[in-house]
2 protein chains.
Amino acid sequence: MDIRSTLKLDNQLCFAVYACSREITKLYQPLLRELGLTYTQYITMLALWEEDHVSVKHLGQRLYLDSGTLTPLLKKLEHLQLITRERDKQDERSVIIALTEQGVQLQERALNIPEKLFCQVGVPTRQLDALRTQLTEIMNKVQLIPQNP
Amino acid sequence: MDIRSTLKLDNQLCFAVYACSREITKLYQPLLRELGLTYTQYITMLALWEEDHVSVKHLGQRLYLDSGTLTPLLKKLEHLQLITRERDKQDERSVIIALTEQGVQLQERALNIPEKLFCQVGVPTRQLDALRTQLTEIMNKVQLIPQNP
DNA sequence: ACCGATTCAATTGCATGCAATTTATTTGAG
DNA sequence: CTCAAATAAATTGCATGCAATTGAATCGGT
């Protein structure tokens, strides 16, 4: 087999994941626009609806995002009055993120989003679950790889 | 089942794809740094190594990127002397991207990247191929969904 | 208690992504 | 042929992502 075929775009898992991620994000846009959220803001709200009153660090570990991305994003959500940001009294280094009443209530308007997406894409649940499981497995493998530092 | 469980982060295929994409990109970073390329620049070079002398529009369709992203990125690759950008003589609206000699030769130094990544992640080829196939299927389904305009 | 190492969030700088608009060029209906 | 519509790239503006650095607070060994 030609060694160059290993560099073909359609043979790259990385490209399939990368392109798929962006296309899926675009699919969410019109639904999220109704909530006044961007995709990353939506993902952040998902995490907070599951677990409220968490530190920026904890949120970052959950979302695989660092403070460089989260700090401005959380300031935006604060400005939208969906969350509050307060220094942890026990450890002033940490900032605790908490949902406001508006933030809690927004979940009601988000409840039908997964169903709408599912209907649009039209792929069986079993297949979606299998895909998600495999991606999670890859994630876990990648996590174990020692990084440079 | 609790309807709210459909909003759980770990149940979202979108989040799995989104997070996995970013983690995989990070895995490429140290290898691409040796070539002096960013991840998106690398993906663009992959497309050009397969098919040279293509328009920005064609490249965009291949990579699922628009001119807003590609124009500055291609200018950067031009500055790195890996490609040239020239107006199409037959249709002055188009810009034709072509590899320079340096751009062609860079492929040699990229040939071992897929193998290195494969060894790092340690997931069987069969599984990676299956994953890629499923992602491609989702991509195709998503492509068929009529967009707002 | 002290102080160097560590931790956490914020900041800075750079590179995407993409919607929306603009500019230049081409197309095509009449 | 002519001009409005369509097309391609570039530009603008905004929102990420993330590496690297900074600043404030805490930890921990002595």
# chains A, B, ... in the order shown; residues from 1 in each chain; ligands from 1
>>> interface_residues(of="chain B", to="chain C", cutoff="8 Å", atoms="only C-alpha atoms (C1' of nucleotides)", output="list of chain:residue names")
B:Thr40, B:Leu65, B:Asp66, B:Gly68, B:Thr69, B:Asp91, B:Glu92, B:Arg93
>>> interface_residues(of="chain B", to="chain A", cutoff="7 Å", atoms="only C-alpha atoms", output="list of chain:residue names")
B:Arg4, B:Thr6, B:Leu7, B:Lys8, B:Leu9, B:Leu13, B:Cys14, B:Ala16, B:Val17, B:Tyr18, B:Ala19, B:Cys20, B:Ser21, B:Ile24, B:Leu46, B:Ala47, B:Glu50, B:Tyr64, B:Leu111, B:Pro114, B:Val121, B:Leu128, B:Leu131, B:Arg132, B:Leu135, B:Thr136, B:Met139, B:Lys141, B:Val142
>>> select_by_dssp(residues="range 42-107 of chain B", states="strand (DSSP E)", output="PyMOL selection string")
chain B and resi 54-55+83-87+95-99
>>> write_last_selection(atoms="all heavy atoms", output="compact mmCIF listing (two decimals), in the first residue's frame")
# COMPACT_ATOMS: atom_id res chain seq x y z
N VAL B 54 -5.86 23.99 -6.60
CA VAL B 54 -7.32 24.04 -6.43
C VAL B 54 -7.72 25.45 -5.96
O VAL B 54 -6.89 26.19 -5.42
CB VAL B 54 -7.82 23.01 -5.39
CG1 VAL B 54 -7.59 21.59 -5.91
CG2 VAL B 54 -7.12 23.21 -4.05
N SER B 55 -8.97 25.78 -6.16
CA SER B 55 -9.46 27.09 -5.74
C SER B 55 -9.71 27.11 -4.24
O SER B 55 -9.85 26.07 -3.60
CB SER B 55 -10.75 27.42 -6.47
OG SER B 55 -11.78 26.56 -6.04
N ILE B 83 2.98 27.55 -0.09
CA ILE B 83 2.01 27.62 -1.19
C ILE B 83 2.12 28.96 -1.91
O ILE B 83 2.75 29.89 -1.42
CB ILE B 83 0.55 27.47 -0.68
CG1 ILE B 83 0.19 28.68 0.20
CG2 ILE B 83 0.36 26.18 0.10
CD1 ILE B 83 -1.30 28.82 0.46
N THR B 84 1.47 29.02 -3.07
CA THR B 84 1.28 30.30 -3.76
C THR B 84 -0.21 30.53 -3.93
O THR B 84 -0.99 29.58 -3.97
CB THR B 84 1.95 30.30 -5.15
OG1 THR B 84 1.37 29.24 -5.93
CG2 THR B 84 3.45 30.07 -5.03
N ARG B 85 -0.60 31.81 -3.99
CA ARG B 85 -1.99 32.18 -4.22
C ARG B 85 -2.04 33.05 -5.46
O ARG B 85 -1.42 34.11 -5.50
CB ARG B 85 -2.53 32.97 -3.01
CG ARG B 85 -2.55 32.20 -1.72
CD ARG B 85 -2.68 33.12 -0.50
NE ARG B 85 -3.90 33.89 -0.48
CZ ARG B 85 -3.97 35.22 -0.55
NH1 ARG B 85 -2.87 35.93 -0.62
NH2 ARG B 85 -5.12 35.83 -0.52
N GLU B 86 -2.78 32.59 -6.47
CA GLU B 86 -2.86 33.36 -7.71
C GLU B 86 -4.28 33.36 -8.25
O GLU B 86 -4.94 32.33 -8.25
CB GLU B 86 -1.91 32.75 -8.77
CG GLU B 86 -0.55 33.40 -8.81
CD GLU B 86 0.27 32.87 -9.98
OE1 GLU B 86 -0.11 33.12 -11.13
OE2 GLU B 86 1.29 32.19 -9.72
N ARG B 87 -4.70 34.53 -8.73
CA ARG B 87 -6.02 34.63 -9.35
C ARG B 87 -6.10 33.70 -10.55
O ARG B 87 -5.13 33.58 -11.32
CB ARG B 87 -6.28 36.07 -9.80
CG ARG B 87 -6.55 37.05 -8.68
CD ARG B 87 -7.95 36.89 -8.12
NE ARG B 87 -8.09 37.58 -6.83
CZ ARG B 87 -9.20 37.55 -6.10
NH1 ARG B 87 -10.25 36.88 -6.52
NH2 ARG B 87 -9.25 38.16 -4.95
N VAL B 95 -9.31 32.21 -6.65
CA VAL B 95 -7.88 32.21 -6.33
C VAL B 95 -7.41 30.77 -6.30
O VAL B 95 -8.03 29.93 -5.64
CB VAL B 95 -7.61 32.88 -4.97
CG1 VAL B 95 -6.19 32.60 -4.49
CG2 VAL B 95 -7.86 34.38 -5.05
N ILE B 96 -6.36 30.49 -7.06
CA ILE B 96 -5.85 29.13 -7.15
C ILE B 96 -4.68 28.95 -6.18
O ILE B 96 -3.74 29.75 -6.17
CB ILE B 96 -5.37 28.80 -8.58
CG1 ILE B 96 -6.52 28.97 -9.57
CG2 ILE B 96 -4.81 27.37 -8.64
CD1 ILE B 96 -7.67 28.02 -9.34
N ILE B 97 -4.78 27.91 -5.37
CA ILE B 97 -3.73 27.59 -4.42
C ILE B 97 -2.85 26.50 -5.01
O ILE B 97 -3.36 25.47 -5.47
CB ILE B 97 -4.32 27.10 -3.08
CG1 ILE B 97 -5.35 28.11 -2.54
CG2 ILE B 97 -3.20 26.86 -2.07
CD1 ILE B 97 -4.80 29.49 -2.29
N ALA B 98 -1.55 26.72 -4.97
CA ALA B 98 -0.61 25.72 -5.49
C ALA B 98 0.54 25.54 -4.52
O ALA B 98 0.96 26.48 -3.86
CB ALA B 98 -0.08 26.16 -6.86
N LEU B 99 1.02 24.32 -4.41
CA LEU B 99 2.16 24.03 -3.54
C LEU B 99 3.45 24.55 -4.15
O LEU B 99 3.63 24.47 -5.37
CB LEU B 99 2.28 22.51 -3.32
CG LEU B 99 1.17 21.84 -2.51
CD1 LEU B 99 1.29 20.33 -2.62
CD2 LEU B 99 1.24 22.27 -1.06
>>> interface_residues(of="chain D", to="chain B", cutoff="8 Å", atoms="only C-alpha atoms (C1' of nucleotides)", output="list in words")
DT7, DA8, DA9 and DA10 of chain D
>>> select_by_dssp(residues="chain A", states="helix (DSSP H, G or I)", output="ChimeraX atom specification")
/A:3-7,9-11,13-35,39-50,56-63,67-79,101-110,113-121,125-144
>>> write_last_selection(atoms="C-alpha atoms", output="CSV table (one decimal), in the first residue's frame")
chain,number,residue,atom,x,y,z
A,3,ILE,CA,2.6,5.0,2.3
A,4,ARG,CA,1.2,8.4,1.2
A,5,SER,CA,-2.3,7.0,1.5
A,6,THR,CA,-1.9,7.2,5.3
A,7,LEU,CA,-1.9,11.0,4.8
A,9,LEU,CA,-7.6,13.3,4.4
A,10,ASP,CA,-10.4,10.7,4.3
A,11,ASN,CA,-8.2,8.3,6.2
A,13,LEU,CA,-9.8,10.0,12.2
A,14,CYS,CA,-8.7,13.3,13.5
A,15,PHE,CA,-10.2,15.1,10.5
A,16,ALA,CA,-13.5,13.1,10.7
A,17,VAL,CA,-13.9,14.1,14.4
A,18,TYR,CA,-12.8,17.7,13.8
A,19,ALA,CA,-15.2,18.3,10.8
A,20,CYS,CA,-18.0,16.4,12.5
A,21,SER,CA,-17.7,18.5,15.6
A,22,ARG,CA,-18.0,21.7,13.7
A,23,GLU,CA,-21.0,20.5,11.6
A,24,ILE,CA,-22.8,19.3,14.7
A,25,THR,CA,-22.2,22.7,16.4
A,26,LYS,CA,-23.7,24.4,13.4
A,27,LEU,CA,-26.8,22.2,13.8
A,28,TYR,CA,-27.3,23.5,17.4
A,29,GLN,CA,-27.0,27.1,16.4
A,30,PRO,CA,-30.6,27.9,15.4
A,31,LEU,CA,-32.0,26.2,18.5
A,32,LEU,CA,-29.5,27.8,20.9
A,33,ARG,CA,-30.1,31.2,19.3
A,34,GLU,CA,-33.6,31.0,20.8
A,35,LEU,CA,-32.0,30.7,24.3
A,39,TYR,CA,-22.6,26.4,21.8
A,40,THR,CA,-19.8,26.6,24.4
A,41,GLN,CA,-22.1,28.6,26.7
A,42,TYR,CA,-24.7,25.8,26.3
A,43,ILE,CA,-22.2,23.1,27.2
A,44,THR,CA,-21.2,25.1,30.2
A,45,MET,CA,-24.8,25.5,31.3
A,46,LEU,CA,-25.3,21.7,30.9
A,47,ALA,CA,-22.5,21.1,33.3
A,48,LEU,CA,-23.9,23.6,35.8
A,49,TRP,CA,-27.4,22.2,35.6
A,50,GLU,CA,-25.9,18.9,36.6
A,56,VAL,CA,-13.8,27.3,37.7
A,57,LYS,CA,-11.1,24.6,37.9
A,58,HIS,CA,-13.7,21.9,38.5
A,59,LEU,CA,-15.8,23.2,35.6
A,60,GLY,CA,-12.7,23.3,33.4
A,61,GLN,CA,-11.9,19.7,34.2
A,62,ARG,CA,-15.4,18.6,33.4
A,63,LEU,CA,-15.4,20.5,30.0
A,67,SER,CA,-9.3,29.4,32.5
A,68,GLY,CA,-8.2,31.2,29.4
A,69,THR,CA,-11.4,30.1,27.7
A,70,LEU,CA,-13.7,29.9,30.7
A,71,THR,CA,-13.0,33.2,32.4
A,72,PRO,CA,-14.3,35.4,29.5
A,73,LEU,CA,-17.1,32.9,28.8
A,74,LEU,CA,-18.2,32.9,32.4
A,75,LYS,CA,-18.1,36.7,32.6
A,76,LYS,CA,-20.5,36.7,29.6
A,77,LEU,CA,-22.9,34.3,31.3
A,78,GLU,CA,-22.7,36.5,34.4
A,79,HIS,CA,-23.5,39.5,32.3
A,101,GLU,CA,-32.8,31.8,39.4
A,102,GLN,CA,-32.9,32.7,35.7
A,103,GLY,CA,-30.1,30.3,35.1
A,104,VAL,CA,-32.0,27.5,36.7
A,105,GLN,CA,-35.2,28.3,34.9
A,106,LEU,CA,-33.4,28.4,31.5
A,107,GLN,CA,-33.1,24.6,31.7
A,108,GLU,CA,-36.8,24.2,31.1
A,109,ARG,CA,-36.5,25.9,27.7
A,110,ALA,CA,-33.5,23.6,26.9
A,113,ILE,CA,-33.2,20.4,22.4
A,114,PRO,CA,-31.8,16.9,22.4
A,115,GLU,CA,-35.0,15.5,21.1
A,116,LYS,CA,-35.1,18.0,18.3
A,117,LEU,CA,-31.5,17.3,17.3
A,118,PHE,CA,-32.2,13.6,17.4
A,119,CYS,CA,-35.1,13.9,15.0
A,120,GLN,CA,-33.1,16.1,12.6
A,121,VAL,CA,-30.2,13.8,12.3
A,125,THR,CA,-30.2,5.8,19.2
A,126,ARG,CA,-28.2,2.6,19.5
A,127,GLN,CA,-25.8,3.9,16.9
A,128,LEU,CA,-25.4,7.3,18.5
A,129,ASP,CA,-24.8,5.6,21.9
A,130,ALA,CA,-22.2,3.3,20.4
A,131,LEU,CA,-20.4,6.2,18.7
A,132,ARG,CA,-20.4,8.2,22.0
A,133,THR,CA,-19.0,5.2,23.9
A,134,GLN,CA,-16.2,4.7,21.4
A,135,LEU,CA,-15.3,8.4,21.4
A,136,THR,CA,-15.2,8.3,25.2
A,137,GLU,CA,-12.9,5.4,25.1
A,138,ILE,CA,-10.6,7.3,22.8
A,139,MET,CA,-10.8,10.2,25.2
A,140,ASN,CA,-9.8,8.1,28.1
A,141,LYS,CA,-6.8,6.6,26.2
A,142,VAL,CA,-5.7,10.1,25.2
A,143,GLN,CA,-6.0,11.3,28.7
A,144,LEU,CA,-3.5,8.6,29.8
>>> decode(residues="range 66-110 of chain B", atoms="N, CA and C atoms", output="PDB file, in the first residue's frame")
ATOM      1  N   ASP B  66     -14.819  28.064   5.550  1.00  0.00           N
ATOM      2  CA  ASP B  66     -15.178  29.121   4.606  1.00  0.00           C
ATOM      3  C   ASP B  66     -14.007  30.085   4.419  1.00  0.00           C
ATOM      4  N   SER B  67     -14.208  31.042   3.524  1.00  0.00           N
ATOM      5  CA  SER B  67     -13.115  31.950   3.183  1.00  0.00           C
ATOM      6  C   SER B  67     -12.687  32.799   4.379  1.00  0.00           C
ATOM      7  N   GLY B  68     -13.614  33.028   5.308  1.00  0.00           N
ATOM      8  CA  GLY B  68     -13.272  33.791   6.498  1.00  0.00           C
ATOM      9  C   GLY B  68     -12.179  33.126   7.324  1.00  0.00           C
ATOM     10  N   THR B  69     -12.167  31.811   7.291  1.00  0.00           N
ATOM     11  CA  THR B  69     -11.127  31.061   7.999  1.00  0.00           C
ATOM     12  C   THR B  69      -9.928  30.817   7.083  1.00  0.00           C
ATOM     13  N   LEU B  70     -10.214  30.461   5.837  1.00  0.00           N
ATOM     14  CA  LEU B  70      -9.139  30.055   4.928  1.00  0.00           C
ATOM     15  C   LEU B  70      -8.252  31.202   4.468  1.00  0.00           C
ATOM     16  N   THR B  71      -8.837  32.332   4.169  1.00  0.00           N
ATOM     17  CA  THR B  71      -8.030  33.431   3.622  1.00  0.00           C
ATOM     18  C   THR B  71      -6.840  33.783   4.516  1.00  0.00           C
ATOM     19  N   PRO B  72      -7.061  34.072   5.790  1.00  0.00           N
ATOM     20  CA  PRO B  72      -5.880  34.383   6.618  1.00  0.00           C
ATOM     21  C   PRO B  72      -4.945  33.189   6.786  1.00  0.00           C
ATOM     22  N   LEU B  73      -5.514  31.972   6.864  1.00  0.00           N
ATOM     23  CA  LEU B  73      -4.687  30.785   7.020  1.00  0.00           C
ATOM     24  C   LEU B  73      -3.808  30.554   5.783  1.00  0.00           C
ATOM     25  N   LEU B  74      -4.377  30.755   4.604  1.00  0.00           N
ATOM     26  CA  LEU B  74      -3.612  30.562   3.369  1.00  0.00           C
ATOM     27  C   LEU B  74      -2.554  31.651   3.196  1.00  0.00           C
ATOM     28  N   LYS B  75      -2.885  32.844   3.669  1.00  0.00           N
ATOM     29  CA  LYS B  75      -1.878  33.905   3.617  1.00  0.00           C
ATOM     30  C   LYS B  75      -0.677  33.539   4.489  1.00  0.00           C
ATOM     31  N   LYS B  76      -0.984  32.903   5.616  1.00  0.00           N
ATOM     32  CA  LYS B  76       0.091  32.457   6.507  1.00  0.00           C
ATOM     33  C   LYS B  76       0.944  31.385   5.822  1.00  0.00           C
ATOM     34  N   LEU B  77       0.305  30.414   5.191  1.00  0.00           N
ATOM     35  CA  LEU B  77       1.046  29.361   4.484  1.00  0.00           C
ATOM     36  C   LEU B  77       1.844  29.933   3.325  1.00  0.00           C
ATOM     37  N   GLU B  78       1.305  30.978   2.718  1.00  0.00           N
ATOM     38  CA  GLU B  78       2.031  31.649   1.631  1.00  0.00           C
ATOM     39  C   GLU B  78       3.282  32.319   2.206  1.00  0.00           C
ATOM     40  N   HIS B  79       3.114  32.947   3.352  1.00  0.00           N
ATOM     41  CA  HIS B  79       4.225  33.622   4.007  1.00  0.00           C
ATOM     42  C   HIS B  79       5.304  32.616   4.421  1.00  0.00           C
ATOM     43  N   LEU B  80       4.863  31.397   4.765  1.00  0.00           N
ATOM     44  CA  LEU B  80       5.804  30.325   5.097  1.00  0.00           C
ATOM     45  C   LEU B  80       6.422  29.722   3.833  1.00  0.00           C
ATOM     46  N   GLN B  81       6.004  30.252   2.677  1.00  0.00           N
ATOM     47  CA  GLN B  81       6.521  29.799   1.375  1.00  0.00           C
ATOM     48  C   GLN B  81       6.220  28.333   1.100  1.00  0.00           C
ATOM     49  N   LEU B  82       5.074  27.861   1.594  1.00  0.00           N
ATOM     50  CA  LEU B  82       4.651  26.484   1.313  1.00  0.00           C
ATOM     51  C   LEU B  82       3.672  26.441   0.151  1.00  0.00           C
ATOM     52  N   ILE B  83       2.979  27.551  -0.093  1.00  0.00           N
ATOM     53  CA  ILE B  83       2.005  27.617  -1.188  1.00  0.00           C
ATOM     54  C   ILE B  83       2.117  28.959  -1.912  1.00  0.00           C
ATOM     55  N   THR B  84       1.465  29.018  -3.072  1.00  0.00           N
ATOM     56  CA  THR B  84       1.283  30.304  -3.765  1.00  0.00           C
ATOM     57  C   THR B  84      -0.213  30.532  -3.934  1.00  0.00           C
ATOM     58  N   ARG B  85      -0.597  31.814  -3.994  1.00  0.00           N
ATOM     59  CA  ARG B  85      -1.988  32.181  -4.218  1.00  0.00           C
ATOM     60  C   ARG B  85      -2.038  33.054  -5.462  1.00  0.00           C
ATOM     61  N   GLU B  86      -2.778  32.587  -6.471  1.00  0.00           N
ATOM     62  CA  GLU B  86      -2.862  33.362  -7.711  1.00  0.00           C
ATOM     63  C   GLU B  86      -4.277  33.360  -8.246  1.00  0.00           C
ATOM     64  N   ARG B  87      -4.703  34.528  -8.732  1.00  0.00           N
ATOM     65  CA  ARG B  87      -6.019  34.630  -9.346  1.00  0.00           C
ATOM     66  C   ARG B  87      -6.095  33.699 -10.551  1.00  0.00           C
ATOM     67  N   ASP B  88      -7.218  33.047 -10.700  1.00  0.00           N
ATOM     68  CA  ASP B  88      -7.442  32.168 -11.842  1.00  0.00           C
ATOM     69  C   ASP B  88      -7.581  33.031 -13.101  1.00  0.00           C
ATOM     70  N   LYS B  89      -6.740  32.747 -14.105  1.00  0.00           N
ATOM     71  CA  LYS B  89      -6.803  33.532 -15.343  1.00  0.00           C
ATOM     72  C   LYS B  89      -8.167  33.387 -16.033  1.00  0.00           C
ATOM     73  N   GLN B  90      -8.758  32.185 -15.920  1.00  0.00           N
ATOM     74  CA  GLN B  90     -10.038  31.937 -16.591  1.00  0.00           C
ATOM     75  C   GLN B  90     -11.202  32.601 -15.854  1.00  0.00           C
ATOM     76  N   ASP B  91     -11.056  32.760 -14.534  1.00  0.00           N
ATOM     77  CA  ASP B  91     -12.131  33.363 -13.736  1.00  0.00           C
ATOM     78  C   ASP B  91     -11.501  34.142 -12.600  1.00  0.00           C
ATOM     79  N   GLU B  92     -11.411  35.420 -12.804  1.00  0.00           N
ATOM     80  CA  GLU B  92     -10.665  36.268 -11.871  1.00  0.00           C
ATOM     81  C   GLU B  92     -11.305  36.323 -10.479  1.00  0.00           C
ATOM     82  N   ARG B  93     -12.470  35.758 -10.328  1.00  0.00           N
ATOM     83  CA  ARG B  93     -13.062  35.721  -8.992  1.00  0.00           C
ATOM     84  C   ARG B  93     -12.351  34.692  -8.120  1.00  0.00           C
ATOM     85  N   SER B  94     -11.872  33.645  -8.739  1.00  0.00           N
ATOM     86  CA  SER B  94     -11.245  32.542  -7.997  1.00  0.00           C
ATOM     87  C   SER B  94      -9.772  32.793  -7.720  1.00  0.00           C
ATOM     88  N   VAL B  95      -9.305  32.213  -6.646  1.00  0.00           N
ATOM     89  CA  VAL B  95      -7.880  32.213  -6.327  1.00  0.00           C
ATOM     90  C   VAL B  95      -7.415  30.767  -6.299  1.00  0.00           C
ATOM     91  N   ILE B  96      -6.364  30.492  -7.064  1.00  0.00           N
ATOM     92  CA  ILE B  96      -5.846  29.126  -7.149  1.00  0.00           C
ATOM     93  C   ILE B  96      -4.682  28.949  -6.180  1.00  0.00           C
ATOM     94  N   ILE B  97      -4.783  27.913  -5.374  1.00  0.00           N
ATOM     95  CA  ILE B  97      -3.732  27.592  -4.421  1.00  0.00           C
ATOM     96  C   ILE B  97      -2.850  26.497  -5.007  1.00  0.00           C
ATOM     97  N   ALA B  98      -1.546  26.720  -4.971  1.00  0.00           N
ATOM     98  CA  ALA B  98      -0.610  25.718  -5.491  1.00  0.00           C
ATOM     99  C   ALA B  98       0.542  25.537  -4.519  1.00  0.00           C
ATOM    100  N   LEU B  99       1.021  24.320  -4.409  1.00  0.00           N
ATOM    101  CA  LEU B  99       2.157  24.029  -3.536  1.00  0.00           C
ATOM    102  C   LEU B  99       3.446  24.551  -4.155  1.00  0.00           C
ATOM    103  N   THR B 100       4.328  25.082  -3.339  1.00  0.00           N
ATOM    104  CA  THR B 100       5.673  25.411  -3.795  1.00  0.00           C
ATOM    105  C   THR B 100       6.518  24.139  -3.686  1.00  0.00           C
ATOM    106  N   GLU B 101       7.742  24.230  -4.144  1.00  0.00           N
ATOM    107  CA  GLU B 101       8.647  23.080  -4.014  1.00  0.00           C
ATOM    108  C   GLU B 101       8.804  22.706  -2.540  1.00  0.00           C
ATOM    109  N   GLN B 102       8.956  23.725  -1.703  1.00  0.00           N
ATOM    110  CA  GLN B 102       9.050  23.479  -0.255  1.00  0.00           C
ATOM    111  C   GLN B 102       7.795  22.797   0.272  1.00  0.00           C
ATOM    112  N   GLY B 103       6.654  23.263  -0.235  1.00  0.00           N
ATOM    113  CA  GLY B 103       5.380  22.691   0.200  1.00  0.00           C
ATOM    114  C   GLY B 103       5.277  21.224  -0.155  1.00  0.00           C
ATOM    115  N   VAL B 104       5.730  20.886  -1.361  1.00  0.00           N
ATOM    116  CA  VAL B 104       5.719  19.488  -1.801  1.00  0.00           C
ATOM    117  C   VAL B 104       6.642  18.658  -0.924  1.00  0.00           C
ATOM    118  N   GLN B 105       7.828  19.203  -0.672  1.00  0.00           N
ATOM    119  CA  GLN B 105       8.830  18.435   0.070  1.00  0.00           C
ATOM    120  C   GLN B 105       8.453  18.234   1.531  1.00  0.00           C
ATOM    121  N   LEU B 106       7.643  19.148   2.062  1.00  0.00           N
ATOM    122  CA  LEU B 106       7.268  19.017   3.471  1.00  0.00           C
ATOM    123  C   LEU B 106       6.530  17.706   3.737  1.00  0.00           C
ATOM    124  N   GLN B 107       5.887  17.168   2.703  1.00  0.00           N
ATOM    125  CA  GLN B 107       5.136  15.927   2.883  1.00  0.00           C
ATOM    126  C   GLN B 107       6.030  14.795   3.408  1.00  0.00           C
ATOM    127  N   GLU B 108       7.268  14.786   2.930  1.00  0.00           N
ATOM    128  CA  GLU B 108       8.198  13.730   3.363  1.00  0.00           C
ATOM    129  C   GLU B 108       8.331  13.706   4.888  1.00  0.00           C
ATOM    130  N   ARG B 109       8.398  14.904   5.454  1.00  0.00           N
ATOM    131  CA  ARG B 109       8.586  15.009   6.904  1.00  0.00           C
ATOM    132  C   ARG B 109       7.293  14.734   7.672  1.00  0.00           C
ATOM    133  N   ALA B 110       6.176  14.682   6.955  1.00  0.00           N
ATOM    134  CA  ALA B 110       4.889  14.432   7.612  1.00  0.00           C
ATOM    135  C   ALA B 110       4.482  12.967   7.539  1.00  0.00           C
TER     136      ALA B 110
END
